[in-house]
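S.K.: File follows, final-v4.txt with compact mmCIF, C-alpha atoms:
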# COMPACT_ATOMS: atom_id res chain seq x y z
CA MET A 11 37.68 134.41 77.66
CA ASP A 12 40.54 136.73 76.90
CA TYR A 13 42.11 136.05 80.31
CA MET A 14 42.05 132.31 79.76
CA GLY A 15 43.86 132.67 76.43
CA GLY A 16 46.58 134.82 78.03
CA LEU A 17 46.91 132.44 80.97
CA SER A 18 47.15 129.49 78.60
CA SER A 19 49.90 131.23 76.63
CA ILE A 20 51.88 131.97 79.79
CA VAL A 21 51.53 128.38 81.01
CA SER A 22 52.65 127.10 77.60
CA ILE A 23 55.72 129.34 77.57
CA VAL A 24 56.68 128.44 81.15
CA SER A 25 56.26 124.72 80.48
CA PHE A 26 58.40 124.99 77.34
CA VAL A 27 61.13 126.82 79.29
CA ILE A 28 61.07 124.16 82.02
CA PHE A 29 61.26 121.39 79.41
CA ALA A 30 64.18 123.10 77.63
CA ALA A 31 66.02 123.60 80.94
CA GLY A 32 65.51 119.90 81.74
CA VAL A 33 66.93 118.83 78.38
CA MET A 34 69.94 121.13 78.86
CA LYS A 35 70.52 119.69 82.34
CA VAL A 36 70.45 116.12 80.97
CA PHE A 37 73.09 117.03 78.37
CA GLN A 38 75.18 118.75 81.05
CA MET A 39 75.03 115.64 83.26
CA ALA A 40 75.98 113.42 80.32
CA THR A 41 79.00 115.63 79.57
CA THR A 42 80.08 115.58 83.22
CA LEU A 43 79.76 111.80 83.40
CA THR A 44 81.79 111.45 80.20
CA GLU A 45 84.55 113.63 81.66
CA ILE A 46 84.55 111.61 84.89
CA LYS A 47 84.74 108.37 82.89
CA ASP A 48 87.68 109.71 80.86
CA LEU A 49 89.50 110.79 84.03
CA LEU A 50 88.99 107.43 85.69
CA THR A 51 90.19 105.63 82.58
CA ALA A 52 93.28 107.85 82.42
CA ILE A 53 94.02 107.24 86.09
CA LYS A 54 93.55 103.49 85.64
CA LEU A 55 95.93 103.42 82.67
CA ASN A 56 98.34 105.87 84.38
CA ALA A 57 98.06 108.14 81.35
CA PRO A 58 98.28 111.93 81.20
CA ILE A 59 95.11 113.71 82.22
CA HIS A 60 94.11 116.49 79.84
CA PRO A 61 91.92 119.29 81.19
CA ALA A 62 88.54 119.96 79.68
CA SER A 63 88.41 122.49 76.86
CA GLY A 64 85.34 124.24 78.28
CA PRO A 65 85.28 127.60 80.07
CA ALA A 66 84.99 125.98 83.52
CA SER A 67 88.32 124.17 83.27
CA GLY A 68 90.22 126.90 85.13
CA PRO A 69 93.69 128.30 84.57
CA ALA A 70 95.25 125.05 83.34
CA ILE A 71 93.85 125.26 79.81
CA GLY A 72 96.36 123.82 77.38
CA HIS A 73 98.65 122.33 80.02
CA PRO A 74 98.26 118.57 80.37
CA LEU A 75 98.21 117.45 83.97
CA VAL A 76 100.29 114.32 84.27
CA ALA A 77 99.21 111.90 86.97
CA SER A 78 102.81 111.59 88.23
CA ALA A 79 102.95 115.38 88.70
CA LEU A 80 100.25 115.21 91.36
CA PRO A 81 101.48 115.58 94.93
CA SER A 82 102.20 112.18 96.41
CA VAL A 83 100.00 111.08 99.27
CA PRO A 84 101.80 109.10 101.98
CA SER A 85 100.53 105.61 102.62
CA GLY A 86 98.65 104.76 105.79
CA GLU A 87 101.66 102.99 107.24
CA GLU A 88 103.90 106.04 106.62
CA MET A 89 101.35 108.35 108.24
CA LEU A 90 101.05 106.00 111.23
CA ARG A 91 104.82 105.90 111.63
CA ALA A 92 104.97 109.72 111.52
CA ALA A 93 102.19 110.04 114.09
CA LEU A 94 103.79 107.48 116.39
CA SER A 95 107.18 109.20 116.14
CA GLU A 96 105.56 112.36 117.55
CA MET A 97 104.12 110.53 120.57
CA ASP A 98 105.78 110.69 123.99
CA HIS A 99 106.16 106.95 124.48
CA PRO A 100 108.05 104.71 122.05
CA ILE A 101 106.29 101.92 120.21
CA ASN A 102 108.03 98.98 118.63
CA PRO A 103 108.05 99.61 114.84
CA THR A 104 107.44 95.92 114.14
CA SER A 105 104.07 96.15 115.89
CA ILE A 106 102.72 98.55 113.27
CA GLU A 107 103.34 96.31 110.28
CA LEU A 108 100.20 95.69 108.29
CA GLY A 109 98.31 92.61 109.32
CA ASN A 110 100.00 92.40 112.74
CA LYS A 111 97.33 92.54 115.47
CA SER A 112 98.98 93.30 118.78
Could I get this file's structure written as structure tokens?

M.R.:
Amino acid sequence: MDYMGGLSSIVSIVSFVIFAAGVMKVFQMATTLTEIKDLLTAIKLNAPIHPASGPASGPAIGHPLVASALPSVPSGEEMLRAALSEMDHPINPTSIELGNKS
């Protein structure tokens, strides 16, 4: 009977550790989702994006990252014009206007 008591104690401790790890993971996911929601709201309102105050925020702690300071991404039409300018044969620029199917 002594072995069953020891085995029961080990199973109880392991199950408690698994339960505690699950609760911690739920809180971690909730924090991550809150940060994502805040970032999306800041992007939608074109407001400054402040980095998280946790240890995983990287080297930008204390320096607000402004959305306008992000590198600009060229639009699809600008990228298409750049790609077509590198091609060997010329293409009429009016044929690449959006909505023009030719």

S.K.: Measure the distance from CA of Val24 in chain A to CA of Ala40 in chain A in Å and round it to one decimal.

M.R.: 24.5 Å

S.K.: For a test of reading the model, state the distance in Å between CA of Gly16 in chain A and CA of Met34 in chain A, rounded to one decimal.

M.R.: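 Value for the CA of Gly16 in chain A-CA of Met34 in chain A distance: 27.1 Å.
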
S.K.: Quick check, in Å to one decimal: how far apart do CA of Phe37 in chain A and CA of Ser19 in chain A lie?

M.R.: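 These atoms are spaced 27.2 Å apart.
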
S.K.: Once 4 Å is added on each side, what are the centre and the three edge lengths, in Å to one decimal, of the axis-aligned box enclosing the listed atoms of range 15-30 of chain A? Present them as JSON.

M.R.:
{"center_x": 54.0, "center_y": 128.1, "center_z": 79.2, "size_x": 28.3, "size_y": 21.4, "size_z": 13.6}
